[in-house]
Amino acid sequence: MTLLRRATAALLLIGLPLHPTVAQAPAWTPLPLLNGDADDRTRLGTLLGRAGSARFLLRGTSDALDSLPGPPSRLRWALFAPDVGITYNSALPFSLNDGPLWAARGWSEAIRTGVRAQWGRFSLVLAPELVATENLPYELPPLPVQLPRPPGRSVFSTPWHVGDYSIDLPLRFGERGFSRLDLGQSTLAVDLGAVTAGLSTENEWWGPGIRNAIVLSNNAAGIPRAFVRTTRPVRTRIGTFTARWFLGGLFESPYFDATWQNDRRSITGLGTTWTPAGVPNLTVGFTRAVYASLLGWEDIFGHALDVVRDRGLYRAPGDTIIRPSRDQVFSFFGRWIFPADGLAVHAEWARTDPPRSLRDLLTNPNHSQGYTLGLEWARPVRALRDAVRFQAEVTYLEKPPSYRNLPEVSWYTGAAAPQGYTQRGQVLGAAIGPGASSQWMAVDYFAPTWRVGVFGGRVRWDDDALYSFPSFHDNKWCAHDVSLFGGVQGAVRSRWGRLEAAVTAGQRLNVFFYHLTWCGSTAARQDILDVRNTTVQLRFSPR
């Protein structure tokens, strides 16, 4: 039985028994997902003046759920309509912002369903996800562009970030297909008035980015964590504030190393936003995430306040290198909406190494930096029933020129935690990953029950790695690993449910830095490996 058939059978097993009685209202509710069609329409609404600027800066899956009808003193519950997503990659993995799913070559599936309940101040969202992938073979990097891996590292682990700063970012998740059940978008919370606290594994998106969130996104499985967040925006004389804090644990993928003593990591995150009084369409914010290795899970509570501490430095016995005891990323961001013009601009500026002084900041402001810049524009058409929208975004996480003066490390790699800023082998932040840059734009037409659009983009993958190879030749202009892609996307709602679809056609140039010789010779360039890849994505949720 193929993975696709197994996934379909699992959907039937999950969905068939769930037939609530007529008295249970509502019988079914849709499961909101970050970056889905419903989420995208809400973002469009902010451009047209239907929501404030803070809505899309710090958000989780459960934030989109309204309170269930009925008296709070009684138990109220509803079922999530099953949601099935299917991805096909013809030649190479292409998986961005897919949560716990890693869409390898071949067919991949993600099935989501569950239940939500409310009683008094307590609420429960139980929404597990079953993910599966065929994981068909494809050509991995040749030996000339691989650096010696430390003893015990998997043959599937990255062959590039293998020194003092490393990362758990496998080039392939094993040599055969696999499936896994993840807790997915699950949350147990209690409303304490001004704040809400609880336990969660749901994905969150921190920052204004459309395609890339530098500090926290839904590119990996959610973090098992305890959290506290403001229940609703806090209004003061100087403006409106929101805040989130969490303490969680990160897990290593099976394709990193065989050293079990370093498998555990803590992560602490803090995010805040401020909408100034009198400027309701401008929101600025700050986020920071700090992660560190653990000897045992019982030590995790000692890291609850890491997010407000400095990185700390130590020197191991017999070691000549001073290392940080914790790794971190932080960002400042903002989004400004001009509803009268249907325009919004956003930016996020981030660093992995905080400035040591004001002098350091002024002389090396771009040290360890990454950034995202973007804009959106929408115009109502057809008596305000429909709308056309344009989006564009640029993200840059490659080493800045300041590496000539100060040591620079690649984004999302770690010294204190060798797995870096990852969860189960996938980056927690921007989907393009370490040392990368991207440009993307899209045009969409929205009608009340459907939308259709086109998009195109470019990603230069892990360019920092290219300059860590032994210098065969100084000239490497033809050795970059670059994806160029374009496609069509759309969604339609009917009495049967919601269907979303996207088809992406692209070419990855010099995949995995396959060519690393003199660029000036025609004969030498014959060993360049370019791969054409077609990605088909479907997602269906019945009503």
# chains A, B, ... in the order shown; residues from 1 in each chain; ligands from 1
call {"tool": "residues_around", "arguments": {"residues": "range 243-248 of chain A", "least_positions_apart": "2", "cutoff": "6 Å", "atoms": "only C-alpha atoms", "output": "ChimeraX atom specification"}}
result
/A:224-230,266-272,304
call {"tool": "write_last_selection", "arguments": {"atoms": "C-alpha atoms", "output": "CSV table (one decimal), in the first residue's frame"}}
result
chain,number,residue,atom,x,y,z
A,224,PRO,CA,6.3,21.7,23.1
A,225,ARG,CA,6.2,24.6,25.6
A,226,ALA,CA,4.6,26.4,28.5
A,227,PHE,CA,3.4,29.9,27.6
A,228,VAL,CA,2.0,33.1,29.0
A,229,ARG,CA,0.5,35.7,26.7
A,230,THR,CA,-1.8,38.8,26.9
A,266,SER,CA,15.8,24.4,25.9
A,267,ILE,CA,14.4,27.5,24.1
A,268,THR,CA,12.9,30.6,25.7
A,269,GLY,CA,11.1,33.2,23.6
A,270,LEU,CA,9.7,36.7,24.2
A,271,GLY,CA,7.7,38.8,21.7
A,272,THR,CA,6.1,42.2,22.2
A,304,ALA,CA,13.0,30.1,32.1
call {"tool": "residues_around", "arguments": {"residues": "Asn405 in chain A", "least_positions_apart": "5", "cutoff": "12 Å", "atoms": "only C-alpha atoms", "output": "list in words"}}
result
Asp360, Thr363, Asn364, Asn366, His367, Ser368 and Pro400 of chain A
call {"tool": "closest_atom_pairs", "arguments": {"of": "range 207-288 of chain A", "to": "range 179-193 of chain A", "cutoff": "8 Å", "atoms": "only C-alpha atoms", "output": "JSON lines"}}
result
{"residue": "A:Ala221", "atom": "CA", "partner": "A:Gly184", "partner_atom": "CA", "distance": 7.2}
{"residue": "A:Gly222", "atom": "CA", "partner": "A:Gly184", "partner_atom": "CA", "distance": 6.6}
{"residue": "A:Thr231", "atom": "CA", "partner": "A:Gly193", "partner_atom": "CA", "distance": 6.9}
call {"tool": "residues_around", "arguments": {"residues": "Thr61 in chain A", "least_positions_apart": "6", "cutoff": "12 Å", "atoms": "only C-alpha atoms", "output": "ChimeraX atom specification"}}
result
/A:30-36,38-39,99,125-127,184-187,200-206,217-218,222
call {"tool": "select_by_dssp", "arguments": {"residues": "range 271-306 of chain A", "states": "helix (DSSP H, G or I)", "output": "VMD selection string"}}
result
chain A and resid 297 to 303 306
call {"tool": "write_last_selection", "arguments": {"atoms": "N, CA and C atoms", "output": "PDB file, in the first residue's frame"}}
result
ATOM      1  N   TRP A 297      16.112  16.855  31.000  1.00  0.00           N
ATOM      2  CA  TRP A 297      14.921  17.704  30.942  1.00  0.00           C
ATOM      3  C   TRP A 297      14.607  18.344  32.290  1.00  0.00           C
ATOM      4  N   GLU A 298      15.090  17.738  33.379  1.00  0.00           N
ATOM      5  CA  GLU A 298      14.828  18.332  34.685  1.00  0.00           C
ATOM      6  C   GLU A 298      15.520  19.679  34.846  1.00  0.00           C
ATOM      7  N   ASP A 299      16.485  19.987  33.969  1.00  0.00           N
ATOM      8  CA  ASP A 299      17.203  21.255  34.062  1.00  0.00           C
ATOM      9  C   ASP A 299      16.516  22.384  33.289  1.00  0.00           C
ATOM     10  N   ILE A 300      15.424  22.086  32.596  1.00  0.00           N
ATOM     11  CA  ILE A 300      14.852  23.078  31.689  1.00  0.00           C
ATOM     12  C   ILE A 300      14.321  24.303  32.428  1.00  0.00           C
ATOM     13  N   PHE A 301      13.809  24.120  33.643  1.00  0.00           N
ATOM     14  CA  PHE A 301      13.208  25.254  34.352  1.00  0.00           C
ATOM     15  C   PHE A 301      14.257  26.285  34.784  1.00  0.00           C
ATOM     16  N   GLY A 302      15.507  25.872  34.853  1.00  0.00           N
ATOM     17  CA  GLY A 302      16.565  26.829  35.143  1.00  0.00           C
ATOM     18  C   GLY A 302      16.842  27.779  33.991  1.00  0.00           C
ATOM     19  N   HIS A 303      16.204  27.526  32.824  1.00  0.00           N
ATOM     20  CA  HIS A 303      16.403  28.383  31.656  1.00  0.00           C
ATOM     21  C   HIS A 303      15.191  29.273  31.374  1.00  0.00           C
ATOM     22  N   ASP A 306      16.185  32.805  30.497  1.00  0.00           N
ATOM     23  CA  ASP A 306      17.285  33.015  29.548  1.00  0.00           C
ATOM     24  C   ASP A 306      17.018  34.167  28.599  1.00  0.00           C
TER      25      ASP A 306
END
call {"tool": "residues_around", "arguments": {"residues": "Gln537 in chain A", "least_positions_apart": "3", "cutoff": "9 Å", "atoms": "only C-alpha atoms", "output": "list in words"}}
result
Gly85, Ile86, Thr87, Tyr88, Asn89, Glu500, Ala501, Ala502, Val503 and Thr504 of chain A
call {"tool": "residues_around", "arguments": {"residues": "Gln118 in chain A", "least_positions_apart": "3", "cutoff": "7 Å", "atoms": "only C-alpha atoms", "output": "VMD selection string"}}
result
chain A and resid 75 to 77 122 to 124
call {"tool": "atom_distance", "arguments": {"atom1": "CA of Lys476 in chain A", "atom2": "CA of Gln419 in chain A"}}
result
28.3 Å
call {"tool": "closest_residue", "arguments": {"among": "A:Leu57, A:Val290, A:Leu199, A:Ala104", "to": "Gly177 in chain A", "atoms": "only C-alpha atoms"}}
result
A:Ala104
call {"tool": "residues_around", "arguments": {"residues": "range 479-492 of chain A", "least_positions_apart": "6", "cutoff": "6 Å", "atoms": "only C-alpha atoms", "output": "ChimeraX atom specification"}}
result
/A:449-461,498-511,513,515-516
call {"tool": "select_by_dssp", "arguments": {"residues": "range 135-266 of chain A", "states": "strand (DSSP E or B)", "output": "mmCIF file with C-alpha atoms, in the first residue's frame"}}
result
data_model
loop_
_atom_site.group_PDB
_atom_site.id
_atom_site.type_symbol
_atom_site.label_atom_id
_atom_site.label_comp_id
_atom_site.auth_asym_id
_atom_site.auth_seq_id
_atom_site.Cartn_x
_atom_site.Cartn_y
_atom_site.Cartn_z
ATOM 1 C CA ARG A 153 27.532 12.441 12.397
ATOM 2 C CA VAL A 162 30.315 20.979 10.834
ATOM 3 C CA SER A 166 26.917 23.527 13.417
ATOM 4 C CA PHE A 178 8.391 7.402 6.685
ATOM 5 C CA SER A 179 5.332 8.628 8.568
ATOM 6 C CA ARG A 180 4.914 10.271 11.963
ATOM 7 C CA LEU A 181 2.094 11.400 14.238
ATOM 8 C CA ASP A 182 2.666 14.874 15.667
ATOM 9 C CA THR A 187 -3.132 23.863 23.096
ATOM 10 C CA LEU A 188 -4.422 23.630 26.667
ATOM 11 C CA ALA A 189 -4.990 27.112 28.105
ATOM 12 C CA VAL A 190 -6.607 28.917 31.017
ATOM 13 C CA ASP A 191 -7.873 32.502 30.822
ATOM 14 C CA VAL A 195 -3.151 37.009 30.581
ATOM 15 C CA THR A 196 -3.681 33.494 29.280
ATOM 16 C CA ALA A 197 -1.354 30.651 30.309
ATOM 17 C CA GLY A 198 -1.041 27.054 29.273
ATOM 18 C CA LEU A 199 0.743 24.303 27.380
ATOM 19 C CA SER A 200 0.992 24.120 23.606
ATOM 20 C CA GLU A 204 3.348 30.544 15.880
ATOM 21 C CA TRP A 205 4.422 33.270 13.462
ATOM 22 C CA TRP A 206 6.385 36.185 14.891
ATOM 23 C CA LEU A 216 9.676 32.080 14.579
ATOM 24 C CA ARG A 225 6.188 24.556 25.607
ATOM 25 C CA ALA A 226 4.604 26.376 28.516
ATOM 26 C CA PHE A 227 3.446 29.872 27.645
ATOM 27 C CA VAL A 228 1.980 33.100 28.983
ATOM 28 C CA ARG A 229 0.474 35.726 26.674
ATOM 29 C CA THR A 230 -1.753 38.753 26.926
ATOM 30 C CA VAL A 234 -3.488 46.111 26.711
ATOM 31 C CA ARG A 235 -4.541 49.724 26.139
ATOM 32 C CA THR A 236 -2.594 52.558 27.781
ATOM 33 C CA GLY A 239 -0.696 53.013 22.932
ATOM 34 C CA THR A 240 -1.662 49.353 22.798
ATOM 35 C CA PHE A 241 0.630 46.501 23.808
ATOM 36 C CA THR A 242 0.685 42.726 23.356
ATOM 37 C CA ALA A 243 3.256 40.240 24.654
ATOM 38 C CA ARG A 244 4.098 36.525 24.554
ATOM 39 C CA TRP A 245 6.594 34.424 26.507
ATOM 40 C CA PHE A 246 7.299 30.712 26.363
ATOM 41 C CA LEU A 247 9.666 28.040 27.679
ATOM 42 C CA GLY A 248 9.976 24.911 25.596
ATOM 43 C CA GLY A 249 12.085 21.988 24.481
ATOM 44 C CA LEU A 250 13.714 21.261 21.128
ATOM 45 C CA ASP A 257 24.592 12.423 15.217
ATOM 46 C CA ARG A 264 18.162 17.980 24.637
ATOM 47 C CA ARG A 265 17.811 21.720 24.215
ATOM 48 C CA SER A 266 15.809 24.441 25.911
#
call {"tool": "residues_around", "arguments": {"residues": "range 376-381 of chain A", "least_positions_apart": "4", "cutoff": "12 Å", "atoms": "only C-alpha atoms", "output": "VMD selection string"}}
result
chain A and resid 41 43 to 49 208 to 210 335 to 347 385 to 393 440 to 448
call {"tool": "atom_distance", "arguments": {"atom1": "CA of Gln328 in chain A", "atom2": "CA of Thr158 in chain A"}}
result
20.9 Å
call {"tool": "closest_residue", "arguments": {"among": "A:Glu348, A:Asp168, A:Glu398, A:Asp353", "to": "Pro418 in chain A", "atoms": "only C-alpha atoms"}}
result
A:Asp168
call {"tool": "closest_residue", "arguments": {"among": "A:Ser253, A:Thr422, A:Ser331, A:Gln369", "to": "Ala292 in chain A", "atoms": "only C-alpha atoms"}}
result
A:Thr422
